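File shown: data.cif (mmCIF, C-alpha atoms).
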data_final
loop_
_atom_site.group_PDB
_atom_site.id
_atom_site.type_symbol
_atom_site.label_atom_id
_atom_site.label_comp_id
_atom_site.auth_asym_id
_atom_site.auth_seq_id
_atom_site.Cartn_x
_atom_site.Cartn_y
_atom_site.Cartn_z
ATOM 1 C CA MET A 1 0.000 0.000 0.000
ATOM 2 C CA THR A 2 1.111 3.604 -0.543
ATOM 3 C CA VAL A 3 1.721 5.440 2.715
ATOM 4 C CA ALA A 4 2.781 8.916 1.513
ATOM 5 C CA PRO A 5 5.392 10.551 -0.703
ATOM 6 C CA VAL A 6 7.770 10.653 2.279
ATOM 7 C CA ALA A 7 8.237 8.103 5.083
ATOM 8 C CA ILE A 8 10.106 9.265 8.180
ATOM 9 C CA VAL A 9 11.629 6.628 10.453
ATOM 10 C CA GLY A 10 11.803 7.930 14.019
ATOM 11 C CA ALA A 11 9.456 10.224 15.972
ATOM 12 C CA GLY A 12 12.081 12.002 18.030
ATOM 13 C CA PRO A 13 12.504 15.789 17.935
ATOM 14 C CA THR A 14 14.441 15.614 14.657
ATOM 15 C CA GLY A 15 11.932 13.319 12.956
ATOM 16 C CA LEU A 16 9.118 15.636 14.068
ATOM 17 C CA ALA A 17 11.052 18.648 12.746
ATOM 18 C CA VAL A 18 11.310 16.955 9.341
ATOM 19 C CA GLY A 19 7.572 16.279 9.377
ATOM 20 C CA ILE A 20 6.793 19.901 10.239
ATOM 21 C CA GLU A 21 8.921 21.255 7.397
ATOM 22 C CA LEU A 22 7.369 18.821 4.895
ATOM 23 C CA LYS A 23 3.878 19.811 6.021
ATOM 24 C CA ARG A 24 4.715 23.484 5.603
ATOM 25 C CA ARG A 25 5.531 22.706 1.975
ATOM 26 C CA GLY A 26 2.388 20.688 1.415
ATOM 27 C CA ILE A 27 4.199 17.353 1.153
ATOM 28 C CA PRO A 28 2.273 14.451 2.752
ATOM 29 C CA HIS A 29 4.311 12.266 5.065
ATOM 30 C CA VAL A 30 4.038 9.550 7.682
ATOM 31 C CA VAL A 31 6.300 9.146 10.711
ATOM 32 C CA PHE A 32 6.989 5.630 12.003
ATOM 33 C CA ASP A 33 8.292 4.883 15.474
ATOM 34 C CA LYS A 34 8.810 1.591 17.266
ATOM 35 C CA GLY A 35 7.744 3.202 20.550
ATOM 36 C CA ALA A 36 6.048 6.293 21.927
ATOM 37 C CA LEU A 37 6.479 9.888 20.835
ATOM 38 C CA VAL A 38 10.074 11.057 21.505
ATOM 39 C CA ASP A 39 10.662 7.638 23.028
ATOM 40 C CA SER A 40 14.302 8.258 23.916
ATOM 41 C CA ILE A 41 13.369 11.284 26.038
ATOM 42 C CA ARG A 42 10.602 9.226 27.626
ATOM 43 C CA ARG A 43 13.259 6.761 28.805
ATOM 44 C CA PHE A 44 15.570 9.432 30.215
ATOM 45 C CA PRO A 45 15.958 9.562 34.032
ATOM 46 C CA VAL A 46 12.714 10.831 35.523
ATOM 47 C CA ASN A 47 14.409 13.802 37.227
ATOM 48 C CA MET A 48 16.671 14.725 34.332
ATOM 49 C CA VAL A 49 17.518 18.390 33.706
ATOM 50 C CA PHE A 50 18.635 19.217 30.162
ATOM 51 C CA PHE A 51 22.033 20.807 29.706
ATOM 52 C CA THR A 52 20.683 23.299 27.179
ATOM 53 C CA THR A 53 18.212 26.175 27.416
ATOM 54 C CA PRO A 54 14.584 25.881 26.219
ATOM 55 C CA GLU A 55 14.898 27.784 22.939
ATOM 56 C CA LEU A 56 17.507 25.321 21.688
ATOM 57 C CA LEU A 57 15.046 22.432 21.963
ATOM 58 C CA GLU A 58 12.252 24.203 20.091
ATOM 59 C CA ILE A 59 10.941 23.016 16.736
ATOM 60 C CA GLY A 60 8.326 24.429 14.401
ATOM 61 C CA ASP A 61 8.746 27.957 15.805
ATOM 62 C CA LEU A 62 6.716 27.032 18.884
ATOM 63 C CA PRO A 63 8.061 28.243 22.271
ATOM 64 C CA LEU A 64 9.046 25.810 25.004
ATOM 65 C CA VAL A 65 7.968 27.380 28.298
ATOM 66 C CA THR A 66 9.800 26.150 31.404
ATOM 67 C CA ALA A 67 9.610 26.894 35.111
ATOM 68 C CA GLN A 68 13.372 27.217 35.529
ATOM 69 C CA GLU A 69 16.316 28.221 33.365
ATOM 70 C CA LYS A 70 16.812 24.636 32.151
ATOM 71 C CA PRO A 71 13.988 22.406 30.915
ATOM 72 C CA VAL A 72 13.287 19.098 32.629
ATOM 73 C CA ARG A 73 12.195 15.809 31.098
ATOM 74 C CA LEU A 74 8.477 16.223 31.844
ATOM 75 C CA GLU A 75 8.416 19.697 30.288
ATOM 76 C CA ALA A 76 10.075 18.375 27.136
ATOM 77 C CA LEU A 77 7.608 15.484 26.846
ATOM 78 C CA LYS A 78 4.639 17.839 27.202
ATOM 79 C CA TYR A 79 6.144 20.242 24.669
ATOM 80 C CA TYR A 80 6.646 17.640 21.938
ATOM 81 C CA ARG A 81 3.117 16.301 22.486
ATOM 82 C CA LYS A 82 1.750 19.800 21.963
ATOM 83 C CA VAL A 83 3.901 20.337 18.870
ATOM 84 C CA THR A 84 2.649 17.092 17.336
ATOM 85 C CA GLU A 85 -0.977 18.058 18.031
ATOM 86 C CA TYR A 86 -0.548 21.614 16.758
ATOM 87 C CA TYR A 87 0.855 20.531 13.402
ATOM 88 C CA GLY A 88 -1.341 17.445 13.119
ATOM 89 C CA LEU A 89 1.629 15.227 12.338
ATOM 90 C CA ALA A 90 0.788 11.717 11.146
ATOM 91 C CA VAL A 91 2.671 9.368 13.467
ATOM 92 C CA ARG A 92 2.333 5.573 13.571
ATOM 93 C CA PHE A 93 3.371 4.730 17.126
ATOM 94 C CA TYR A 94 4.641 1.283 18.111
ATOM 95 C CA GLU A 95 5.227 0.313 14.486
ATOM 96 C CA LYS A 96 8.850 -0.644 14.052
ATOM 97 C CA VAL A 97 10.405 -0.344 10.612
ATOM 98 C CA ASP A 98 12.198 -3.620 10.007
ATOM 99 C CA ALA A 99 13.583 -2.857 6.556
ATOM 100 C CA VAL A 100 13.668 -0.238 3.821
ATOM 101 C CA ARG A 101 14.229 -1.467 0.262
ATOM 102 C CA ARG A 102 14.749 0.635 -2.840
ATOM 103 C CA THR A 103 12.914 -0.655 -5.909
ATOM 104 C CA ASN A 104 12.240 1.044 -9.242
ATOM 105 C CA GLY A 105 13.412 4.429 -8.009
ATOM 106 C CA ALA A 106 11.133 4.381 -4.932
ATOM 107 C CA PHE A 107 11.100 2.600 -1.571
ATOM 108 C CA THR A 108 9.271 -0.193 0.175
ATOM 109 C CA VAL A 109 9.030 0.230 3.945
ATOM 110 C CA ALA A 110 8.415 -3.020 5.837
ATOM 111 C CA THR A 111 6.914 -3.196 9.333
ATOM 112 C CA PRO A 112 5.200 -5.996 11.275
ATOM 113 C CA ARG A 113 1.864 -4.531 10.143
ATOM 114 C CA GLY A 114 2.601 -4.618 6.424
ATOM 115 C CA THR A 115 4.582 -2.984 3.644
ATOM 116 C CA TYR A 116 4.248 0.583 2.409
ATOM 117 C CA ASP A 117 5.444 2.438 -0.680
ATOM 118 C CA ALA A 118 7.148 5.821 -0.436
ATOM 119 C CA GLN A 119 9.037 7.999 -2.887
ATOM 120 C CA LYS A 120 11.505 9.292 -0.301
ATOM 121 C CA VAL A 121 12.642 8.042 3.100
ATOM 122 C CA VAL A 122 14.165 9.993 5.980
ATOM 123 C CA VAL A 123 15.919 8.047 8.749
ATOM 124 C CA ALA A 124 15.939 9.894 12.084
ATOM 125 C CA THR A 125 16.397 6.997 14.490
ATOM 126 C CA GLY A 126 19.046 8.519 16.753
ATOM 127 C CA TYR A 127 21.250 6.153 18.728
ATOM 128 C CA TYR A 128 19.661 5.551 22.149
ATOM 129 C CA ASP A 129 18.496 2.022 21.323
ATOM 130 C CA HIS A 130 22.021 0.686 20.887
ATOM 131 C CA PRO A 131 24.234 0.919 23.987
ATOM 132 C CA ASN A 132 27.984 0.537 23.820
ATOM 133 C CA LEU A 133 28.442 -2.858 25.437
ATOM 134 C CA LEU A 134 31.228 -3.708 27.861
ATOM 135 C CA GLY A 135 31.756 -6.999 26.061
ATOM 136 C CA VAL A 136 32.494 -8.987 29.211
ATOM 137 C CA PRO A 137 31.164 -12.297 30.592
ATOM 138 C CA GLY A 138 27.986 -11.824 32.608
ATOM 139 C CA GLU A 139 26.789 -8.704 30.810
ATOM 140 C CA GLU A 140 23.615 -10.592 29.903
ATOM 141 C CA LEU A 141 22.610 -11.055 33.569
ATOM 142 C CA LYS A 142 19.328 -9.480 34.744
ATOM 143 C CA LYS A 143 21.215 -7.334 37.250
ATOM 144 C CA VAL A 144 22.822 -5.394 34.385
ATOM 145 C CA SER A 145 21.203 -2.424 32.645
ATOM 146 C CA HIS A 146 22.481 0.094 30.105
ATOM 147 C CA TYR A 147 19.766 2.583 31.024
ATOM 148 C CA TYR A 148 18.900 4.463 34.196
ATOM 149 C CA THR A 149 15.460 5.846 35.031
ATOM 150 C CA GLU A 150 15.085 6.218 38.809
ATOM 151 C CA ALA A 151 16.824 5.350 42.070
ATOM 152 C CA HIS A 152 14.055 3.775 44.154
ATOM 153 C CA PRO A 153 14.515 0.127 43.015
ATOM 154 C CA TYR A 154 18.163 0.246 44.097
ATOM 155 C CA PHE A 155 17.612 1.432 47.683
ATOM 156 C CA GLY A 156 19.757 -0.523 50.154
ATOM 157 C CA HIS A 157 21.796 -2.293 47.457
ATOM 158 C CA ASP A 158 25.370 -2.262 46.208
ATOM 159 C CA VAL A 159 25.227 -0.575 42.799
ATOM 160 C CA ALA A 160 28.115 -0.180 40.381
ATOM 161 C CA VAL A 161 27.859 2.660 37.859
ATOM 162 C CA VAL A 162 30.227 2.146 34.929
ATOM 163 C CA GLY A 163 31.193 5.302 33.068
ATOM 164 C CA GLY A 164 32.526 8.779 33.705
ATOM 165 C CA ALA A 165 30.352 11.179 31.724
ATOM 166 C CA ASN A 166 27.078 12.989 32.491
ATOM 167 C CA SER A 167 24.777 9.977 32.621
ATOM 168 C CA ALA A 168 27.042 8.078 34.978
ATOM 169 C CA ALA A 169 27.677 11.044 37.283
ATOM 170 C CA GLU A 170 24.004 12.001 37.559
ATOM 171 C CA ALA A 171 22.918 8.411 38.163
ATOM 172 C CA ALA A 172 25.581 7.935 40.844
ATOM 173 C CA LEU A 173 24.465 11.084 42.672
ATOM 174 C CA ASP A 174 20.783 10.190 42.483
ATOM 175 C CA LEU A 175 21.447 6.660 43.726
ATOM 176 C CA PHE A 176 23.619 7.903 46.603
ATOM 177 C CA ARG A 177 20.930 10.336 47.768
ATOM 178 C CA SER A 178 18.310 7.592 47.582
ATOM 179 C CA GLY A 179 20.093 5.188 49.887
ATOM 180 C CA ALA A 180 22.082 2.973 47.548
ATOM 181 C CA ARG A 181 25.730 2.071 48.169
ATOM 182 C CA VAL A 182 27.362 3.366 45.008
ATOM 183 C CA SER A 183 30.658 2.614 43.297
ATOM 184 C CA LEU A 184 31.730 4.566 40.209
ATOM 185 C CA ILE A 185 33.980 2.605 37.842
ATOM 186 C CA HIS A 186 35.748 4.443 35.035
ATOM 187 C CA ARG A 187 38.667 3.733 32.711
ATOM 188 C CA GLY A 188 39.862 7.331 32.899
ATOM 189 C CA THR A 189 41.837 9.089 35.593
ATOM 190 C CA GLU A 190 38.878 11.309 36.562
ATOM 191 C CA VAL A 191 35.302 12.058 35.590
ATOM 192 C CA SER A 192 34.800 13.668 32.186
ATOM 193 C CA ARG A 193 35.506 17.369 31.752
ATOM 194 C CA SER A 194 32.279 17.628 29.750
ATOM 195 C CA ILE A 195 30.046 16.964 32.772
ATOM 196 C CA LYS A 196 27.369 19.620 33.371
ATOM 197 C CA TYR A 197 28.837 22.549 35.288
ATOM 198 C CA TRP A 198 26.374 22.195 38.165
ATOM 199 C CA VAL A 199 26.938 18.422 38.427
ATOM 200 C CA ARG A 200 30.734 18.328 38.350
ATOM 201 C CA PRO A 201 31.494 19.861 41.788
ATOM 202 C CA ASP A 202 28.763 17.728 43.334
ATOM 203 C CA ILE A 203 30.128 14.414 42.045
ATOM 204 C CA GLU A 204 33.726 15.424 42.816
ATOM 205 C CA ASN A 205 32.825 16.261 46.415
ATOM 206 C CA ARG A 206 30.996 12.954 46.916
ATOM 207 C CA LEU A 207 33.958 11.054 45.495
ATOM 208 C CA GLU A 208 36.491 12.979 47.566
ATOM 209 C CA ARG A 209 34.584 12.243 50.774
ATOM 210 C CA GLY A 210 34.197 8.591 49.894
ATOM 211 C CA GLU A 211 30.408 8.823 49.931
ATOM 212 C CA ILE A 212 30.569 7.386 46.431
ATOM 213 C CA ARG A 213 33.455 4.943 46.012
ATOM 214 C CA ALA A 214 35.695 5.753 43.068
ATOM 215 C CA PHE A 215 37.548 3.191 40.959
ATOM 216 C CA PHE A 216 39.446 5.166 38.327
ATOM 217 C CA GLU A 217 41.763 3.643 35.718
ATOM 218 C CA THR A 218 39.743 0.491 36.312
ATOM 219 C CA LYS A 219 37.734 -1.732 33.988
ATOM 220 C CA VAL A 220 35.151 -4.460 34.484
ATOM 221 C CA VAL A 221 36.399 -7.828 33.250
ATOM 222 C CA GLU A 222 33.555 -10.050 34.481
ATOM 223 C CA ILE A 223 30.096 -9.669 36.010
ATOM 224 C CA ARG A 224 28.976 -12.346 38.461
ATOM 225 C CA GLU A 225 25.724 -12.808 40.364
ATOM 226 C CA GLU A 226 27.047 -11.336 43.623
ATOM 227 C CA THR A 227 30.307 -9.642 42.636
ATOM 228 C CA LEU A 228 32.197 -7.832 39.904
ATOM 229 C CA VAL A 229 35.686 -8.727 38.788
ATOM 230 C CA LEU A 230 37.664 -5.530 38.208
ATOM 231 C CA GLU A 231 41.126 -4.915 36.816
ATOM 232 C CA LYS A 232 43.485 -2.067 37.623
ATOM 233 C CA ALA A 233 47.157 -1.804 36.699
ATOM 234 C CA GLY A 234 47.180 -5.443 35.612
ATOM 235 C CA ALA A 235 45.788 -6.764 38.920
ATOM 236 C CA THR A 236 42.267 -8.165 39.344
ATOM 237 C CA PHE A 237 40.024 -8.028 42.393
ATOM 238 C CA GLU A 238 36.371 -8.600 43.279
ATOM 239 C CA LEU A 239 33.780 -6.084 44.417
ATOM 240 C CA LYS A 240 30.517 -6.947 46.166
ATOM 241 C CA ASN A 241 27.662 -6.066 43.861
ATOM 242 C CA ASP A 242 23.884 -6.328 43.430
ATOM 243 C CA PHE A 243 23.284 -4.231 40.309
ATOM 244 C CA VAL A 244 25.338 -2.838 37.419
ATOM 245 C CA LEU A 245 24.435 0.281 35.445
ATOM 246 C CA ALA A 246 26.728 0.326 32.415
ATOM 247 C CA LEU A 247 26.274 3.920 31.236
ATOM 248 C CA THR A 248 29.001 3.960 28.623
ATOM 249 C CA GLY A 249 27.176 5.651 25.767
ATOM 250 C CA TYR A 250 25.225 4.604 22.691
ATOM 251 C CA HIS A 251 25.700 4.330 18.939
ATOM 252 C CA THR A 252 23.756 4.438 15.686
ATOM 253 C CA ASP A 253 22.342 1.210 14.270
ATOM 254 C CA THR A 254 24.868 0.953 11.452
ATOM 255 C CA ALA A 255 23.571 -2.501 10.448
ATOM 256 C CA PHE A 256 20.133 -1.000 9.712
ATOM 257 C CA LEU A 257 21.682 1.710 7.555
ATOM 258 C CA GLY A 258 24.000 -0.730 5.805
ATOM 259 C CA ALA A 259 21.087 -3.009 4.904
ATOM 260 C CA MET A 260 19.538 -0.040 3.066
ATOM 261 C CA GLY A 261 22.713 0.370 1.019
ATOM 262 C CA VAL A 262 24.190 3.312 2.909
ATOM 263 C CA ALA A 263 27.982 3.430 2.573
ATOM 264 C CA PHE A 264 30.356 4.415 5.377
ATOM 265 C CA ASP A 265 33.638 6.295 5.369
ATOM 266 C CA ALA A 266 36.838 5.131 7.035
ATOM 267 C CA ASN A 267 35.675 6.559 10.387
ATOM 268 C CA GLY A 268 32.367 4.690 10.333
ATOM 269 C CA ARG A 269 30.337 7.764 9.442
ATOM 270 C CA PRO A 270 27.471 7.174 6.963
ATOM 271 C CA GLU A 271 28.047 8.888 3.653
ATOM 272 C CA HIS A 272 25.700 11.806 3.024
ATOM 273 C CA ASP A 273 25.674 15.264 1.491
ATOM 274 C CA PRO A 274 26.257 17.709 4.379
ATOM 275 C CA GLU A 275 23.958 20.271 2.748
ATOM 276 C CA THR A 276 20.987 18.159 1.677
ATOM 277 C CA LEU A 277 21.508 15.189 4.056
ATOM 278 C CA GLU A 278 20.869 12.791 1.160
ATOM 279 C CA THR A 279 22.913 9.592 1.345
ATOM 280 C CA ASN A 280 24.651 7.719 -1.455
ATOM 281 C CA VAL A 281 21.271 6.007 -1.956
ATOM 282 C CA PRO A 282 19.202 8.490 -4.010
ATOM 283 C CA GLY A 283 16.079 9.578 -2.154
ATOM 284 C CA LEU A 284 17.266 8.281 1.223
ATOM 285 C CA TYR A 285 18.095 10.950 3.805
ATOM 286 C CA LEU A 286 19.566 10.986 7.308
ATOM 287 C CA ALA A 287 18.559 13.451 10.017
ATOM 288 C CA GLY A 288 19.859 14.163 13.496
ATOM 289 C CA SER A 289 22.455 12.192 15.410
ATOM 290 C CA VAL A 290 22.214 9.220 13.042
ATOM 291 C CA THR A 291 24.390 11.248 10.651
ATOM 292 C CA GLY A 292 27.352 10.746 12.977
ATOM 293 C CA GLY A 293 27.364 6.945 12.837
ATOM 294 C CA ARG A 294 29.326 5.613 15.778
ATOM 295 C CA ASP A 295 30.644 9.090 16.545
ATOM 296 C CA ASN A 296 27.592 11.033 17.708
ATOM 297 C CA ARG A 297 29.280 13.459 20.072
ATOM 298 C CA ASN A 298 28.568 16.562 17.988
ATOM 299 C CA ILE A 299 24.951 16.101 16.886
ATOM 300 C CA PHE A 300 22.187 16.837 19.400
ATOM 301 C CA ILE A 301 18.609 18.107 19.369
ATOM 302 C CA GLU A 302 20.046 21.632 19.333
ATOM 303 C CA ASN A 303 21.580 21.294 15.861
ATOM 304 C CA GLY A 304 19.836 18.187 14.500
ATOM 305 C CA ARG A 305 16.481 20.008 14.509
ATOM 306 C CA PHE A 306 17.707 22.178 11.608
ATOM 307 C CA HIS A 307 18.133 19.136 9.387
ATOM 308 C CA GLY A 308 14.386 19.108 8.785
ATOM 309 C CA LYS A 309 14.354 22.307 6.745
ATOM 310 C CA ARG A 310 17.315 21.299 4.596
ATOM 311 C CA ILE A 311 15.820 17.899 3.828
ATOM 312 C CA ALA A 312 12.362 19.319 3.133
ATOM 313 C CA GLU A 313 13.747 21.893 0.720
ATOM 314 C CA HIS A 314 15.617 19.236 -1.242
ATOM 315 C CA VAL A 315 12.672 16.831 -1.239
ATOM 316 C CA ALA A 316 10.296 19.588 -2.402
ATOM 317 C CA ALA A 317 12.590 20.437 -5.294
ATOM 318 C CA ARG A 318 12.807 16.766 -6.320
ATOM 319 C CA LEU A 319 9.083 16.031 -6.015
#
Starting from the file, give its structure as structure tokens.
Amino acid sequence: MTVAPVAIVGAGPTGLAVGIELKRRGIPHVVFDKGALVDSIRRFPVNMVFFTTPELLEIGDLPLVTAQEKPVRLEALKYYRKVTEYYGLAVRFYEKVDAVRRTNGAFTVATPRGTYDAQKVVVATGYYDHPNLLGVPGEELKKVSHYYTEAHPYFGHDVAVVGGANSAAEAALDLFRSGARVSLIHRGTEVSRSIKYWVRPDIENRLERGEIRAFFETKVVEIREETLVLEKAGATFELKNDFVLALTGYHTDTAFLGAMGVAFDANGRPEHDPETLETNVPGLYLAGSVTGGRDNRNIFIENGRFHGKRIAEHVAARL
């Protein structure tokens, strides 16, 4: 069946921004998402405060009103719901795109509910669904998670947080204040210099006082039911443990892109025109952090939201 001239894969802020710009140009579209609206933000820690200011998260020229200087998760979720309603964006929630195939100059989009035809496809899937794994024995245990939402389930337990950037620092602090016994394990010599300016002194003070145990220049080599096996300076030792939060970052689903015929450069970045965002596959576009491949450190909502206009302009000219 024909879904629309343009199919957008991913209903995050960038995917919504693409839909808005297409609608402004009178181009019908459908947005597919395997989960809820802005599903990655939905899965952020419940008390998360964004690093950026409200105007840098705005799409469609609609203001994001916040109670404080920085927006929080709940404000962002409400905002993107209102944006979607205001523009009447067509979103198919909980419909995962399994494959995109190019045939006869157009595309077939396959989901568990059927197949759809589209003239152009925009992939705006982000990277949050694919954590950077530790690659150690025991990582498959139920006690291990690569996501953090709230502290309550960990009260009274020994929790190891693996990582040294924002997610790890904020989770460690939240867990500590909620009654968990927290250990921070990081390969580096200190926590990342990129940590939010209001978080950094807090985590450093907790570490200095020993309220959160620090294991720097240390890596996890095995996860067991009741302990962790750690290695530092060539020596291994065990640490009592109930839960592991491996917050070591995420990466783009390069296999999904590769199956569509997208080529990659020597650094693992998907090939695309930096101006139009069109890939080496004619009619297939990338938007948002997915453009960075495995290196997504420089693409965020703040700059990815502008991809929508550039893609829409190119699509409008082609259609």
Once the PyMOL selection byres ((chain A and resi 172) around 9) is applied to the coordinates I shared, what remains selected? I want it as a PDB file with C-alpha atoms, keeping the file's coordinate frame.
ATOM      1  CA  VAL A 159      25.227  -0.575  42.799  1.00  0.00           C
ATOM      2  CA  ALA A 160      28.115  -0.180  40.381  1.00  0.00           C
ATOM      3  CA  VAL A 161      27.859   2.660  37.859  1.00  0.00           C
ATOM      4  CA  SER A 167      24.777   9.977  32.621  1.00  0.00           C
ATOM      5  CA  ALA A 168      27.042   8.078  34.978  1.00  0.00           C
ATOM      6  CA  ALA A 169      27.677  11.044  37.283  1.00  0.00           C
ATOM      7  CA  GLU A 170      24.004  12.001  37.559  1.00  0.00           C
ATOM      8  CA  ALA A 171      22.918   8.411  38.163  1.00  0.00           C
ATOM      9  CA  LEU A 173      24.465  11.084  42.672  1.00  0.00           C
ATOM     10  CA  ASP A 174      20.783  10.190  42.483  1.00  0.00           C
ATOM     11  CA  LEU A 175      21.447   6.660  43.726  1.00  0.00           C
ATOM     12  CA  PHE A 176      23.619   7.903  46.603  1.00  0.00           C
ATOM     13  CA  ARG A 177      20.930  10.336  47.768  1.00  0.00           C
ATOM     14  CA  VAL A 182      27.362   3.366  45.008  1.00  0.00           C
ATOM     15  CA  SER A 183      30.658   2.614  43.297  1.00  0.00           C
ATOM     16  CA  LEU A 184      31.730   4.566  40.209  1.00  0.00           C
ATOM     17  CA  ILE A 203      30.128  14.414  42.045  1.00  0.00           C
ATOM     18  CA  ILE A 212      30.569   7.386  46.431  1.00  0.00           C
TER      19      ILE A 212
END
- Minimum-distance residue to A:Arg305, chosen among A:His272, A:Glu58, A:Thr52, A:Ala214 (using all atoms listed in the file):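 Residue with the minimum atom-to-atom distance to A:Arg305: A:Glu58.
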- Give me the result of the PyMOL selection byres ((chain A and resi 291) around 9) on this file, residue by residue, as a ChimeraX atom specification. /A:124,126,252,269-272,277,286-290,292-293,295-296,299
Would you compute an axis-aligned box for stretch 150-153 of chain A, covering every atom listed for it in the file with 6 Å of margin on each side, and report centre and edge lengths in Å to one decimal as JSON?
{"center_x": 15.4, "center_y": 3.2, "center_z": 41.5, "size_x": 14.8, "size_y": 18.1, "size_z": 17.3}
- Evaluating the PyMOL selection byres ((chain A and resi 79) around 9) on the displayed file yields which residues, as an NGL selection string? :A and (58 or 62-65 or 74-78 or 80-84)
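Relative to atom CA of A:Thr236, atom CA of A:Glu222 is found at 10.2 Å.
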- Separation of atom CA of A:Ala17 from atom CA of A:Thr115 in Å: 24.3 Å
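For the residues A:Gly15, A:Arg73, A:Glu211, A:Glu217, ranking by smallest atom-to-atom distance to A:Arg43 using all atoms listed in the file places A:Arg73 first.
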- Task: Counting all atoms listed in the file, find the residues whose atoms lie at most 12 Å from (40.2, -3.8, 35.9) (file coordinates) and write them out as a list of chain:residue names.
- Result: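 Using all atoms listed in the file, the matching residues come out as A:Val136, A:Val162, A:Ile185, A:His186, A:Arg187, A:Gly188, A:Phe215, A:Phe216, A:Glu217, A:Thr218, A:Lys219, A:Val220, A:Val221, A:Glu222, A:Ile223, A:Leu228, A:Val229, A:Leu230, A:Glu231, A:Lys232, A:Ala233, A:Gly234, A:Ala235, A:Thr236, A:Phe237, A:Glu238, A:Leu239.
Of note, atom CA of A:Val91 and atom CA of A:Val72 are spaced 24.0 Å apart.
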- Message: Ranking A:Val109, A:Ile41, A:Ala312, A:Ile195 by minimum distance to A:Lys23 and counting all atoms listed in the file, which one comes first?
- Response: A:Ala312
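Considering the residues A:Val315, A:His29, A:Tyr116, A:Arg294 and counting all atoms listed in the file, A:Ala266 has its shortest atom-to-atom contact with A:Arg294.
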- Message: Can you tell me which residues surround A:Asp273 at a distance of at most 10 Å, considering all atoms listed in the file, apart from same-chain residues fewer than 6 positions away, and format the answer as a count of residues only?
- Response: 4
- Task: Counting only C-alpha atoms, figure out which residue out of A:Ala11, A:Leu133, A:Ile20, A:Leu245 gets nearest to A:Glu313.
- Result: A:Ile20
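Minimum distance to A:Thr248 across A:Val199, A:Leu37, A:Leu134, A:Ala263 (counting only C-alpha atoms) occurs at A:Leu134.
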- Task: Can you pull out every residue within 8 Å of stretch 98-103 of chain A, counting only C-alpha atoms, but drop anything in the same chain fewer than 3 positions away, and send it as number ranges by chain?
- Result: A: 106-112, 256, 259-260
Leaving out A:His146 and any residue of its chain fewer than 4 positions from it, which residues lie within 7 Å of it when counting all atoms listed in the file, given as a compact mmCIF listing (two decimals) with C-alpha atoms, in the frame of the given file?
# COMPACT_ATOMS: atom_id res chain seq x y z
CA PRO A 131 24.23 0.92 23.99
CA LEU A 245 24.44 0.28 35.44
CA ALA A 246 26.73 0.33 32.42
CA LEU A 247 26.27 3.92 31.24
- Message: Which residues are close to A:Val31, i.e. within 12 Å by only C-alpha atoms, leaving aside same-chain residues fewer than 6 positions away? Reply as number ranges by chain.
- Response: A: 3-20, 22-23, 37-38, 84, 88-97, 109, 118, 121-125
